[in-house]
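Chemist: Contents of upload_13.txt (compact mmCIF, C-alpha atoms (C1' of nucleotides)) are given next:
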# COMPACT_ATOMS: atom_id res chain seq x y z
CA MET A 733 0.00 0.00 0.00
CA ASP A 734 2.35 2.71 1.12
CA GLY A 735 5.62 2.43 -0.67
CA PRO A 736 8.88 3.86 0.58
CA SER A 737 8.08 7.06 -1.28
CA ASP A 738 5.79 8.16 1.55
CA HIS A 739 8.72 8.58 3.84
CA ASP A 740 10.62 10.44 1.17
CA ASP A 741 7.71 12.83 0.76
CA PHE A 742 7.71 13.52 4.48
CA ALA A 743 11.46 14.00 4.47
CA ASP A 744 11.13 16.51 1.65
CA ARG A 745 8.41 18.36 3.43
CA LEU A 746 10.44 18.63 6.63
CA GLN A 747 13.51 19.82 4.79
CA ARG A 748 11.60 22.37 2.78
CA HIS A 749 10.50 23.82 6.09
CA GLY A 750 14.02 24.00 7.42
CA VAL A 751 13.81 21.03 9.74
CA THR A 752 16.92 18.89 9.90
CA LEU A 753 16.08 15.25 9.56
CA THR A 754 16.28 12.69 12.29
CA HIS A 755 14.88 9.24 12.60
CA GLN A 756 12.48 10.34 15.33
CA ARG A 757 11.19 13.37 13.46
CA LEU A 758 10.48 11.25 10.43
CA GLU A 759 8.54 8.77 12.51
CA ILE A 760 6.44 11.51 14.03
CA ALA A 761 5.91 13.14 10.66
CA ALA A 762 4.81 9.82 9.26
CA VAL A 763 2.19 9.38 11.96
CA LEU A 764 0.84 12.87 11.41
CA PHE A 765 0.95 13.21 7.66
CA ARG A 766 0.00 9.72 6.67
CA THR A 767 -3.50 9.86 8.12
CA MET A 768 -3.96 13.63 8.42
CA GLU A 769 -5.97 13.00 11.59
CA HIS A 770 -6.13 15.42 14.49
CA LEU A 771 -4.06 13.79 17.20
CA SER A 772 -2.98 14.73 20.68
CA ALA A 773 0.62 14.42 21.85
CA ASP A 774 -0.30 11.28 23.78
CA GLN A 775 -1.87 9.67 20.77
CA ILE A 776 1.11 10.51 18.64
CA LEU A 777 3.46 9.03 21.20
CA ALA A 778 1.38 5.88 21.35
CA ARG A 779 1.27 5.47 17.59
CA VAL A 780 4.94 6.09 17.08
CA ASN A 781 5.75 3.49 19.66
CA ALA A 782 3.04 1.05 18.64
CA ARG A 783 5.50 -1.80 18.21
CA ASN A 784 8.50 -1.13 20.41
CA ALA A 785 9.18 2.06 22.33
CA GLN A 786 11.68 4.08 20.34
CA VAL A 787 10.78 7.72 20.79
CA SER A 788 10.56 9.42 24.15
CA LYS A 789 7.78 11.63 25.39
CA ALA A 790 10.18 14.58 25.58
CA THR A 791 11.12 14.18 21.96
CA VAL A 792 7.52 14.07 20.86
CA TYR A 793 6.85 17.36 22.63
CA ASN A 794 10.08 18.90 21.35
CA THR A 795 9.28 17.84 17.84
CA LEU A 796 5.71 19.06 17.92
CA LYS A 797 6.89 22.44 19.13
CA LEU A 798 9.48 22.51 16.36
CA PHE A 799 6.96 21.55 13.70
CA LEU A 800 4.65 24.29 14.96
CA GLU A 801 7.39 26.92 14.69
CA LYS A 802 8.25 25.75 11.23
CA GLY A 803 4.66 25.91 10.11
CA LEU A 804 4.22 22.22 9.53
CA LEU A 805 1.37 21.97 12.01
CA ARG A 806 -1.37 23.95 13.66
CA GLU A 807 -2.61 23.64 17.20
CA VAL A 808 -6.30 23.16 17.75
CA ILE A 809 -7.51 24.23 21.17
CA VAL A 810 -10.99 22.90 21.75
CA ASP A 811 -10.56 20.46 24.60
CA PRO A 812 -9.61 21.80 28.01
CA ASP A 813 -7.48 18.74 28.68
CA ARG A 814 -5.22 18.45 25.68
CA VAL A 815 -4.04 20.10 22.53
CA PHE A 816 -4.72 18.57 19.15
CA TYR A 817 -2.23 18.91 16.33
CA ASP A 818 -3.57 19.52 12.89
CA PRO A 819 -1.38 18.49 9.96
CA ASN A 820 -3.52 20.60 7.66
CA VAL A 821 -2.09 24.10 7.73
CA ALA A 822 -4.27 25.48 4.98
CA PRO A 823 -6.94 27.88 6.24
CA HIS A 824 -9.93 25.93 7.45
CA HIS A 825 -12.14 25.47 10.47
CA HIS A 826 -13.41 22.69 12.68
CA LEU A 827 -16.41 20.67 13.66
CA TYR A 828 -16.00 19.40 17.18
CA ASP A 829 -18.17 16.59 18.50
CA VAL A 830 -18.52 17.46 22.16
CA THR A 831 -19.56 13.97 23.17
CA THR A 832 -16.86 11.96 21.45
CA GLY A 833 -14.15 14.60 21.25
CA HIS A 834 -13.81 13.98 17.53
CA LEU A 835 -12.57 16.77 15.29
CA THR A 836 -13.40 17.21 11.61
CA ASP A 837 -12.29 19.83 9.15
CA ILE A 838 -14.57 22.39 7.60
CA PRO A 839 -13.22 23.84 4.37
CA ALA A 840 -12.55 27.55 4.70
CA GLU A 841 -14.99 28.29 1.89
CA ALA A 842 -17.86 26.66 3.76
CA ILE A 843 -18.02 29.69 6.02
CA THR A 844 -17.83 33.34 5.20
CA LEU A 845 -17.28 36.11 7.66
CA ALA A 846 -19.42 38.97 6.51
CA ARG A 847 -17.26 41.48 8.28
CA LEU A 848 -14.51 41.57 10.80
CA PRO A 849 -14.68 43.71 13.91
CA GLN A 850 -12.38 46.66 14.41
CA LEU A 851 -9.09 45.61 15.90
CA PRO A 852 -7.32 47.56 18.63
CA ASP A 853 -4.61 49.85 17.28
CA GLY A 854 -1.40 48.21 16.10
CA MET A 855 -2.85 44.73 16.35
CA VAL A 856 -3.01 42.35 13.45
CA VAL A 857 -4.93 39.15 12.95
CA GLU A 858 -2.81 36.09 13.38
CA GLY A 859 -5.64 33.71 12.63
CA VAL A 860 -9.35 33.14 12.84
CA ASP A 861 -10.48 29.97 14.53
CA ILE A 862 -14.04 28.87 14.14
CA VAL A 863 -15.22 25.85 16.02
CA ILE A 864 -18.72 24.55 15.64
CA ARG A 865 -19.52 22.43 18.65
CA THR A 866 -21.95 19.66 17.86
CA ARG A 867 -23.71 16.90 19.74
CA PRO A 868 -26.26 14.17 18.94
CA LEU A 869 -29.81 15.45 18.70
CA ASN A 870 -31.49 13.03 21.10
CA PRO A 871 -30.99 13.25 24.86
CA PRO A 872 -29.23 16.24 26.35
CA MET B 1388 -19.29 52.85 45.15
CA ASP B 1389 -20.98 49.51 45.04
CA GLY B 1390 -23.88 49.40 47.45
CA PRO B 1391 -25.20 46.25 49.07
CA SER B 1392 -27.67 45.94 46.21
CA ASP B 1393 -24.97 44.39 44.05
CA HIS B 1394 -24.93 41.31 46.17
CA ASP B 1395 -28.72 41.15 46.10
CA ASP B 1396 -28.64 41.27 42.32
CA PHE B 1397 -26.23 38.39 42.23
CA ALA B 1398 -28.35 36.44 44.70
CA ASP B 1399 -31.40 36.98 42.51
CA ARG B 1400 -29.55 35.89 39.45
CA LEU B 1401 -28.33 32.67 41.09
CA GLN B 1402 -31.79 31.86 42.40
CA ARG B 1403 -33.46 32.53 39.10
CA HIS B 1404 -31.12 29.92 37.65
CA GLY B 1405 -32.00 27.38 40.30
CA VAL B 1406 -28.84 27.69 42.33
CA THR B 1407 -29.32 27.49 46.07
CA LEU B 1408 -27.49 30.25 47.82
CA THR B 1409 -24.45 29.87 49.95
CA HIS B 1410 -21.95 32.33 51.22
CA GLN B 1411 -19.22 30.89 49.00
CA ARG B 1412 -21.31 30.90 45.84
CA LEU B 1413 -22.20 34.52 46.38
CA GLU B 1414 -18.57 35.45 46.81
CA ILE B 1415 -17.66 33.72 43.59
CA ALA B 1416 -20.60 35.23 41.76
CA ALA B 1417 -19.56 38.65 43.00
CA VAL B 1418 -16.06 38.24 41.63
CA LEU B 1419 -17.36 37.12 38.25
CA PHE B 1420 -20.32 39.39 37.72
CA ARG B 1421 -18.95 42.56 39.23
CA THR B 1422 -16.21 43.02 36.66
CA MET B 1423 -17.48 40.77 33.88
CA GLU B 1424 -13.85 39.90 33.10
CA HIS B 1425 -12.73 36.58 31.68
CA LEU B 1426 -11.05 34.83 34.59
CA SER B 1427 -9.46 31.45 35.14
CA ALA B 1428 -10.27 29.28 38.14
CA ASP B 1429 -6.99 30.26 39.75
CA GLN B 1430 -7.66 33.93 39.32
CA ILE B 1431 -11.13 33.55 40.75
CA LEU B 1432 -9.76 31.68 43.75
CA ALA B 1433 -7.16 34.36 44.29
CA ARG B 1434 -9.67 37.19 44.10
CA VAL B 1435 -12.20 35.55 46.36
CA ASN B 1436 -9.52 35.01 48.94
CA ALA B 1437 -7.79 38.31 48.42
CA ARG B 1438 -8.04 39.25 52.08
CA ASN B 1439 -8.21 36.03 54.08
CA ALA B 1440 -8.63 32.53 52.71
CA GLN B 1441 -12.28 31.61 53.05
CA VAL B 1442 -13.17 29.54 50.01
CA SER B 1443 -11.35 26.36 49.06
CA LYS B 1444 -10.05 25.41 45.68
CA ALA B 1445 -12.47 22.47 45.53
CA THR B 1446 -15.42 24.75 46.13
CA VAL B 1447 -14.33 27.11 43.40
CA TYR B 1448 -14.20 24.25 40.92
CA ASN B 1449 -17.48 22.77 42.17
CA THR B 1450 -19.16 26.12 41.90
CA LEU B 1451 -17.85 26.92 38.46
CA LYS B 1452 -19.11 23.57 37.23
CA LEU B 1453 -22.47 24.25 38.80
CA PHE B 1454 -22.70 27.72 37.29
CA LEU B 1455 -21.87 26.25 33.90
CA GLU B 1456 -24.65 23.67 34.16
CA LYS B 1457 -27.09 26.32 35.22
CA GLY B 1458 -26.18 28.55 32.32
CA LEU B 1459 -24.69 31.32 34.39
CA LEU B 1460 -21.32 31.05 32.71
CA ARG B 1461 -19.63 29.96 29.52
CA GLU B 1462 -16.26 28.31 29.16
CA VAL B 1463 -13.77 29.84 26.78
CA ILE B 1464 -11.13 27.46 25.51
CA VAL B 1465 -8.34 29.41 23.85
CA ASP B 1466 -5.37 28.78 26.09
CA PRO B 1467 -3.92 25.28 26.24
CA ASP B 1468 -3.14 25.73 29.92
CA ARG B 1469 -6.36 26.90 31.47
CA VAL B 1470 -10.02 27.50 30.96
CA PHE B 1471 -11.47 30.97 31.13
CA TYR B 1472 -14.93 31.56 32.48
CA ASP B 1473 -17.07 34.10 30.72
CA PRO B 1474 -19.86 35.71 32.73
CA ASN B 1475 -21.42 36.92 29.51
CA VAL B 1476 -23.68 34.14 28.27
CA ALA B 1477 -25.24 36.11 25.45
CA PRO B 1478 -24.06 34.97 22.02
CA HIS B 1479 -20.80 36.64 21.20
CA HIS B 1480 -17.26 35.87 20.16
CA HIS B 1481 -13.74 36.64 21.25
CA LEU B 1482 -10.62 38.52 20.44
CA TYR B 1483 -7.62 36.78 21.93
CA ASP B 1484 -4.33 38.54 22.29
CA VAL B 1485 -1.83 35.76 21.80
CA THR B 1486 1.01 37.66 23.42
CA THR B 1487 -0.69 38.81 26.59
CA GLY B 1488 -3.38 36.16 26.85
CA HIS B 1489 -6.01 38.84 27.16
CA LEU B 1490 -9.56 38.11 26.03
CA THR B 1491 -12.06 40.65 24.77
CA ASP B 1492 -15.62 40.22 23.63
CA ILE B 1493 -16.80 40.69 20.07
CA PRO B 1494 -20.51 41.37 19.77
CA ALA B 1495 -22.26 38.62 17.87
CA GLU B 1496 -23.46 41.11 15.25
CA ALA B 1497 -19.90 42.09 14.39
CA ILE B 1498 -19.51 38.82 12.51
CA THR B 1499 -21.87 37.06 10.20
CA LEU B 1500 -21.54 33.52 9.05
CA ALA B 1501 -22.63 33.50 5.46
CA ARG B 1502 -23.53 29.85 5.56
CA LEU B 1503 -23.01 26.89 7.81
CA PRO B 1504 -21.57 23.64 6.56
CA GLN B 1505 -23.64 20.49 6.36
CA LEU B 1506 -23.71 18.67 9.66
CA PRO B 1507 -23.45 14.90 9.96
CA ASP B 1508 -26.80 13.20 10.34
CA GLY B 1509 -28.51 13.52 13.69
CA MET B 1510 -26.07 16.11 14.94
CA VAL B 1511 -27.09 19.52 16.12
CA VAL B 1512 -25.09 22.64 16.75
CA GLU B 1513 -24.44 23.28 20.39
CA GLY B 1514 -22.56 26.48 19.78
CA VAL B 1515 -20.31 28.35 17.44
CA ASP B 1516 -17.09 29.69 18.84
CA ILE B 1517 -15.13 32.18 16.86
CA VAL B 1518 -11.78 33.31 18.17
CA ILE B 1519 -9.74 35.90 16.36
CA ARG B 1520 -6.17 35.55 17.45
CA THR B 1521 -4.30 38.82 17.37
CA ARG B 1522 -0.80 40.03 18.05
CA PRO B 1523 1.10 43.31 17.86
CA LEU B 1524 2.09 44.30 14.33
CA ASN B 1525 5.82 44.81 14.87
CA PRO B 1526 8.27 41.93 15.24
CA PRO B 1527 7.10 38.34 14.99
C1' DA C 291 -37.35 25.54 68.35
C1' DT C 292 -35.26 20.66 67.37
C1' DG C 293 -33.73 16.86 64.91
C1' DC C 294 -32.55 14.86 60.64
C1' DA C 295 -31.58 14.02 56.02
C1' DA C 296 -29.85 16.06 52.07
C1' DT C 297 -26.67 19.28 50.31
C1' DA C 298 -22.30 21.94 50.42
C1' DT C 299 -17.63 22.67 51.82
C1' DT C 300 -13.04 21.39 52.76
C1' DA C 301 -8.03 19.70 53.03
C1' DG C 302 -5.27 17.15 51.01
C1' DA C 303 -4.27 13.19 48.06
C1' DC C 304 -4.39 12.13 43.37
C1' DA C 305 -4.43 12.18 38.08
C1' DT C 306 -2.97 14.08 33.91
C1' DG C 307 -0.77 16.82 30.36
C1' DA C 308 3.10 19.20 29.58
C1' DT C 309 7.81 21.17 30.72
C1' DC C 310 12.49 21.04 32.49
C1' DC C 311 16.95 19.26 33.26
C1' DA C 312 21.40 17.26 33.01
C1' DA C 313 23.46 13.39 30.93
C1' DA C 314 24.18 10.66 26.86
C1' DT C 315 23.96 10.12 22.04
C1' DG C 316 24.47 11.04 17.33
C1' DC C 317 25.51 13.83 13.38
C1' DG C 318 27.87 17.18 10.21
C1' DC C 319 31.92 18.77 8.72
C1' DG C 320 36.73 19.97 8.83
C1' DC D 991 38.82 10.48 12.41
C1' DG D 992 37.33 13.41 15.90
C1' DC D 993 35.40 17.70 17.59
C1' DG D 994 31.40 20.42 18.67
C1' DC D 995 26.79 21.37 18.37
C1' DA D 996 22.17 19.66 17.96
C1' DT D 997 19.16 16.09 19.37
C1' DT D 998 17.33 12.71 22.32
C1' DT D 999 16.27 10.79 26.71
C1' DG D 1000 14.50 9.30 31.52
C1' DG D 1001 12.99 11.07 35.20
C1' DA D 1002 11.93 14.75 38.10
C1' DT D 1003 8.97 18.53 38.28
C1' DC D 1004 5.07 21.62 37.53
C1' DA D 1005 0.28 23.24 36.93
C1' DT D 1006 -4.65 22.43 36.31
C1' DG D 1007 -8.04 20.15 37.58
C1' DT D 1008 -10.49 16.01 39.97
C1' DC D 1009 -11.58 12.92 43.78
C1' DT D 1010 -12.45 11.37 48.41
C1' DA D 1011 -13.85 10.93 52.94
C1' DA D 1012 -14.81 13.72 56.71
C1' DT D 1013 -17.10 17.83 58.43
C1' DA D 1014 -20.25 21.57 58.29
C1' DT D 1015 -24.44 23.75 56.84
C1' DT D 1016 -28.95 24.02 55.22
C1' DG D 1017 -33.79 23.34 54.78
C1' DC D 1018 -37.66 21.14 56.30
C1' DA D 1019 -40.96 18.51 59.07
C1' DT D 1020 -42.62 18.19 63.20
Would you kindly transcribe this structure into structure tokens?
Modeler:
Amino acid sequence: MDGPSDHDDFADRLQRHGVTLTHQRLEIAAVLFRTMEHLSADQILARVNARNAQVSKATVYNTLKLFLEKGLLREVIVDPDRVFYDPNVAPHHHLYDVTTGHLTDIPAEAITLARLPQLPDGMVVEGVDIVIRTRPLNPP
Amino acid sequence: MDGPSDHDDFADRLQRHGVTLTHQRLEIAAVLFRTMEHLSADQILARVNARNAQVSKATVYNTLKLFLEKGLLREVIVDPDRVFYDPNVAPHHHLYDVTTGHLTDIPAEAITLARLPQLPDGMVVEGVDIVIRTRPLNPP
DNA sequence: ATGCAATATTAGACATGATCCAAATGCGCG
DNA sequence: CGCGCATTTGGATCATGTCTAATATTGCAT
């Protein structure tokens, strides 16, 4: 299914973003960019070490921070308990299932902001995060 | 400055929302509803106990959870480290200063969603949270 | 008023996610 | 080949937030 070229793609992507390659970073990149799911640090750690433990917790956190700085990832803050990392850095928004904690993307075009509010002086927009919190219809 | 009627207002508000009154709950309500700021649990604890410690950490958390259930407060999840509690439960959105961590309200009318995306079957919208992350213009 | 059951409060132990640190490892490059 | 800097690591540490079992308070019926 996934040939060796997957890894090469990830390696390219890291390098293009100025990240020097290491075995661990490639593993983490593979977990994130293969499925494009929204994962927490814990989940990433678990997946990387699914077979035998090879990457430490500290490295996962270091690497995620690095990837964030280099613009390879976005943080998604919707759960008070943990941060999700979003491998999709294109502008888009999120559907958040409150009951299951599952996150789904909403294409940026699916929502239009009619107008933006006035910003305080000297401030610029870093990003607009829209989260639509959903739950099953039935019992509250 | 603030007469004793403030406290009575808060008491009324709690009771109208089905919250039985206690000394501690009134203190917490006073802190939240007097300034209408966005505060974290820690900040609320600190303010309530500004003079002498009277309310425990556990009670602050219990009370905040209760106020949430009763619709007296909203949670604002923008900071990975802590939850902010918003005494303004009317529909509105937020400006979040990434550098200082300061939260400001945006009136709901200041933003219009042109259209909402299709929701999965049987799911309903619980709320729409829009956060505009801002930072000073100058150096990144 | 008085007693009693239900509700609220509390201190401190605990759980969890995330960070820090100092030591060890590995890598690039002369 | 080896030096130096970047990276990784285990474990300690931290901060929020939750839990528990004991105590205090409250409302209510009598």
Chemist: Within 12 Å of DG320 in chain C, counting all atoms listed in the file, which residues qualify if same-chain residues fewer than 3 places away don't, as a PyMOL selection string?
Modeler: chain D and resi 991-994
Chemist: Using only C-alpha atoms, pick whichever of B:Glu1513, B:Asp1492, B:Glu1462, B:Asp1395 has the shortest atom-to-atom distance to chain A.
Modeler: B:Glu1513
Chemist: Give me, please, the distance in Å between CA of Ala782 in chain A and CA of Met768 in chain A, quoted to one decimal.
Modeler: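 Here the two named atoms are 17.7 Å from each other.
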Chemist: Superposition of chain A onto chain B by least squares over all sequentially paired C-alpha atoms; the transformed chain is requested as an mmCIF file with C-alpha atoms, in the coordinates of the input.
Modeler:
data_model
loop_
_atom_site.group_PDB
_atom_site.id
_atom_site.type_symbol
_atom_site.label_atom_id
_atom_site.label_comp_id
_atom_site.auth_asym_id
_atom_site.auth_seq_id
_atom_site.Cartn_x
_atom_site.Cartn_y
_atom_site.Cartn_z
ATOM 1 C CA MET A 733 -19.569 52.836 44.886
ATOM 2 C CA ASP A 734 -21.143 49.425 44.970
ATOM 3 C CA GLY A 735 -23.977 49.349 47.407
ATOM 4 C CA PRO A 736 -25.333 46.222 49.024
ATOM 5 C CA SER A 737 -27.750 45.886 46.129
ATOM 6 C CA ASP A 738 -25.009 44.344 43.990
ATOM 7 C CA HIS A 739 -24.976 41.278 46.134
ATOM 8 C CA ASP A 740 -28.739 41.102 46.050
ATOM 9 C CA ASP A 741 -28.662 41.215 42.265
ATOM 10 C CA PHE A 742 -26.227 38.320 42.195
ATOM 11 C CA ALA A 743 -28.330 36.389 44.673
ATOM 12 C CA ASP A 744 -31.380 36.902 42.483
ATOM 13 C CA ARG A 745 -29.538 35.797 39.421
ATOM 14 C CA LEU A 746 -28.314 32.610 41.088
ATOM 15 C CA GLN A 747 -31.748 31.770 42.402
ATOM 16 C CA ARG A 748 -33.426 32.413 39.092
ATOM 17 C CA HIS A 749 -31.086 29.818 37.659
ATOM 18 C CA GLY A 750 -31.949 27.276 40.302
ATOM 19 C CA VAL A 751 -28.790 27.611 42.341
ATOM 20 C CA THR A 752 -29.264 27.426 46.085
ATOM 21 C CA LEU A 753 -27.451 30.214 47.821
ATOM 22 C CA THR A 754 -24.380 29.848 49.938
ATOM 23 C CA HIS A 755 -21.893 32.335 51.198
ATOM 24 C CA GLN A 756 -19.171 30.908 48.967
ATOM 25 C CA ARG A 757 -21.273 30.896 45.816
ATOM 26 C CA LEU A 758 -22.197 34.504 46.370
ATOM 27 C CA GLU A 759 -18.570 35.464 46.772
ATOM 28 C CA ILE A 760 -17.632 33.724 43.559
ATOM 29 C CA ALA A 761 -20.591 35.221 41.742
ATOM 30 C CA ALA A 762 -19.575 38.637 42.963
ATOM 31 C CA VAL A 763 -16.070 38.254 41.579
ATOM 32 C CA LEU A 764 -17.374 37.112 38.218
ATOM 33 C CA PHE A 765 -20.352 39.358 37.688
ATOM 34 C CA ARG A 766 -19.032 42.538 39.176
ATOM 35 C CA THR A 767 -16.270 43.025 36.624
ATOM 36 C CA MET A 768 -17.520 40.757 33.830
ATOM 37 C CA GLU A 769 -13.888 39.907 33.074
ATOM 38 C CA HIS A 770 -12.759 36.587 31.661
ATOM 39 C CA LEU A 771 -11.059 34.853 34.558
ATOM 40 C CA SER A 772 -9.455 31.493 35.104
ATOM 41 C CA ALA A 773 -10.255 29.318 38.113
ATOM 42 C CA ASP A 774 -6.952 30.327 39.694
ATOM 43 C CA GLN A 775 -7.661 33.993 39.273
ATOM 44 C CA ILE A 776 -11.106 33.597 40.721
ATOM 45 C CA LEU A 777 -9.726 31.749 43.712
ATOM 46 C CA ALA A 778 -7.151 34.460 44.251
ATOM 47 C CA ARG A 779 -9.687 37.261 44.050
ATOM 48 C CA VAL A 780 -12.182 35.615 46.325
ATOM 49 C CA ASN A 781 -9.509 35.105 48.908
ATOM 50 C CA ALA A 782 -7.803 38.446 48.388
ATOM 51 C CA ARG A 783 -8.067 39.367 52.055
ATOM 52 C CA ASN A 784 -8.248 36.179 54.077
ATOM 53 C CA ALA A 785 -8.611 32.680 52.682
ATOM 54 C CA GLN A 786 -12.245 31.691 53.010
ATOM 55 C CA VAL A 787 -13.105 29.594 49.989
ATOM 56 C CA SER A 788 -11.281 26.428 49.053
ATOM 57 C CA LYS A 789 -9.970 25.492 45.654
ATOM 58 C CA ALA A 790 -12.364 22.534 45.520
ATOM 59 C CA THR A 791 -15.327 24.774 46.110
ATOM 60 C CA VAL A 792 -14.286 27.156 43.385
ATOM 61 C CA TYR A 793 -14.128 24.289 40.902
ATOM 62 C CA ASN A 794 -17.387 22.795 42.163
ATOM 63 C CA THR A 795 -19.099 26.125 41.902
ATOM 64 C CA LEU A 796 -17.802 26.906 38.446
ATOM 65 C CA LYS A 797 -19.026 23.545 37.225
ATOM 66 C CA LEU A 798 -22.400 24.211 38.823
ATOM 67 C CA PHE A 799 -22.668 27.669 37.302
ATOM 68 C CA LEU A 800 -21.817 26.194 33.906
ATOM 69 C CA GLU A 801 -24.577 23.586 34.189
ATOM 70 C CA LYS A 802 -27.034 26.219 35.242
ATOM 71 C CA GLY A 803 -26.134 28.447 32.345
ATOM 72 C CA LEU A 804 -24.677 31.249 34.387
ATOM 73 C CA LEU A 805 -21.305 30.999 32.683
ATOM 74 C CA ARG A 806 -19.607 29.911 29.507
ATOM 75 C CA GLU A 807 -16.232 28.284 29.153
ATOM 76 C CA VAL A 808 -13.760 29.828 26.775
ATOM 77 C CA ILE A 809 -11.112 27.436 25.522
ATOM 78 C CA VAL A 810 -8.339 29.380 23.864
ATOM 79 C CA ASP A 811 -5.349 28.761 26.086
ATOM 80 C CA PRO A 812 -3.912 25.264 26.264
ATOM 81 C CA ASP A 813 -3.103 25.725 29.936
ATOM 82 C CA ARG A 814 -6.320 26.905 31.502
ATOM 83 C CA VAL A 815 -9.982 27.492 30.969
ATOM 84 C CA PHE A 816 -11.446 30.965 31.120
ATOM 85 C CA TYR A 817 -14.930 31.545 32.461
ATOM 86 C CA ASP A 818 -17.074 34.059 30.705
ATOM 87 C CA PRO A 819 -19.869 35.670 32.712
ATOM 88 C CA ASN A 820 -21.448 36.872 29.490
ATOM 89 C CA VAL A 821 -23.692 34.089 28.259
ATOM 90 C CA ALA A 822 -25.253 36.049 25.441
ATOM 91 C CA PRO A 823 -24.068 34.937 22.000
ATOM 92 C CA HIS A 824 -20.797 36.620 21.180
ATOM 93 C CA HIS A 825 -17.252 35.855 20.148
ATOM 94 C CA HIS A 826 -13.729 36.615 21.260
ATOM 95 C CA LEU A 827 -10.590 38.497 20.455
ATOM 96 C CA TYR A 828 -7.623 36.736 21.961
ATOM 97 C CA ASP A 829 -4.293 38.502 22.330
ATOM 98 C CA VAL A 830 -1.808 35.693 21.875
ATOM 99 C CA THR A 831 1.034 37.579 23.502
ATOM 100 C CA THR A 832 -0.681 38.749 26.660
ATOM 101 C CA GLY A 833 -3.379 36.101 26.921
ATOM 102 C CA HIS A 834 -6.016 38.804 27.198
ATOM 103 C CA LEU A 835 -9.550 38.072 26.054
ATOM 104 C CA THR A 836 -12.050 40.624 24.765
ATOM 105 C CA ASP A 837 -15.605 40.198 23.613
ATOM 106 C CA ILE A 838 -16.763 40.691 20.068
ATOM 107 C CA PRO A 839 -20.479 41.377 19.785
ATOM 108 C CA ALA A 840 -22.245 38.628 17.876
ATOM 109 C CA GLU A 841 -23.432 41.128 15.279
ATOM 110 C CA ALA A 842 -19.877 42.124 14.406
ATOM 111 C CA ILE A 843 -19.496 38.864 12.526
ATOM 112 C CA THR A 844 -21.844 37.129 10.179
ATOM 113 C CA LEU A 845 -21.554 33.579 9.020
ATOM 114 C CA ALA A 846 -22.621 33.564 5.422
ATOM 115 C CA ARG A 847 -23.530 29.923 5.563
ATOM 116 C CA LEU A 848 -23.088 26.981 7.814
ATOM 117 C CA PRO A 849 -21.672 23.694 6.600
ATOM 118 C CA GLN A 850 -23.787 20.573 6.424
ATOM 119 C CA LEU A 851 -23.861 18.767 9.722
ATOM 120 C CA PRO A 852 -23.613 14.995 10.039
ATOM 121 C CA ASP A 853 -27.001 13.325 10.412
ATOM 122 C CA GLY A 854 -28.741 13.688 13.763
ATOM 123 C CA MET A 855 -26.259 16.254 14.999
ATOM 124 C CA VAL A 856 -27.245 19.691 16.147
ATOM 125 C CA VAL A 857 -25.208 22.795 16.771
ATOM 126 C CA GLU A 858 -24.572 23.420 20.411
ATOM 127 C CA GLY A 859 -22.633 26.596 19.791
ATOM 128 C CA VAL A 860 -20.362 28.430 17.422
ATOM 129 C CA ASP A 861 -17.117 29.710 18.842
ATOM 130 C CA ILE A 862 -15.125 32.197 16.872
ATOM 131 C CA VAL A 863 -11.782 33.281 18.175
ATOM 132 C CA ILE A 864 -9.722 35.856 16.383
ATOM 133 C CA ARG A 865 -6.142 35.478 17.494
ATOM 134 C CA THR A 866 -4.257 38.741 17.424
ATOM 135 C CA ARG A 867 -0.741 39.924 18.124
ATOM 136 C CA PRO A 868 1.178 43.222 17.938
ATOM 137 C CA LEU A 869 2.202 44.171 14.424
ATOM 138 C CA ASN A 870 5.908 44.768 15.013
ATOM 139 C CA PRO A 871 8.335 41.910 15.630
ATOM 140 C CA PRO A 872 7.203 38.342 15.127
#
Chemist: For chain C against chain A, which residues fall within 9 Å using all atoms listed in the file, given as a PDB file with C-alpha atoms (C1' of nucleotides), in the coordinates of the input?
Modeler:
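Listed below is the output, out_0.pdb:
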ATOM      1  C1'  DT C 306      -2.970  14.080  33.910  1.00  0.00           C
ATOM      2  C1'  DG C 307      -0.770  16.820  30.360  1.00  0.00           C
ATOM      3  C1'  DA C 308       3.100  19.200  29.580  1.00  0.00           C
ATOM      4  C1'  DT C 309       7.810  21.170  30.720  1.00  0.00           C
TER       5       DT C 309
END
Chemist: Pull the closest atom pair for each residue of chain D that gets at most 9 Å from chain A, along with the distance in Å to one decimal, counting only C-alpha atoms (C1' of nucleotides), ordering rows by chain and then ascending residue number, as JSON lines.
Modeler:
{"residue": "D:DT997", "atom": "C1'", "partner": "A:Thr754", "partner_atom": "CA", "distance": 8.4}
{"residue": "D:DT998", "atom": "C1'", "partner": "A:Thr791", "partner_atom": "CA", "distance": 6.4}
{"residue": "D:DT999", "atom": "C1'", "partner": "A:Ser788", "partner_atom": "CA", "distance": 6.4}
{"residue": "D:DG1000", "atom": "C1'", "partner": "A:Ser788", "partner_atom": "CA", "distance": 8.4}
{"residue": "D:DT1006", "atom": "C1'", "partner": "A:Asp813", "partner_atom": "CA", "distance": 8.9}
Chemist: Which one of C:DA305, C:DT299, C:DA312, C:DT292 sits closest to DA1014 in chain D if you count all atoms listed in the file?
Modeler: C:DT299
Chemist: Separation of CA of Glu1424 in chain B and C1' of DG1007 in chain D, in Å?
Modeler: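 Going from CA of Glu1424 in chain B over to C1' of DG1007 in chain D covers 21.1 Å.
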Chemist: One decimal, in Å: what's the spacing between CA of Ala743 in chain A and CA of His824 in chain A?
Modeler: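 According to the coordinates, CA of Ala743 in chain A and CA of His824 in chain A are separated by 24.7 Å.
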Chemist: Show which residues sit within 9 Å of Leu1413 in chain B, as a compact mmCIF listing (two decimals) with C-alpha atoms, in the coordinates of the input. Count all atoms listed in the file, and ignore same-chain residues fewer than 4 positions away.
Modeler:
# COMPACT_ATOMS: atom_id res chain seq x y z
CA HIS B 1394 -24.93 41.31 46.17
CA PHE B 1397 -26.23 38.39 42.23
CA ALA B 1398 -28.35 36.44 44.70
CA LEU B 1401 -28.33 32.67 41.09
CA LEU B 1408 -27.49 30.25 47.82
CA THR B 1409 -24.45 29.87 49.95
CA ALA B 1417 -19.56 38.65 43.00
CA VAL B 1418 -16.06 38.24 41.63
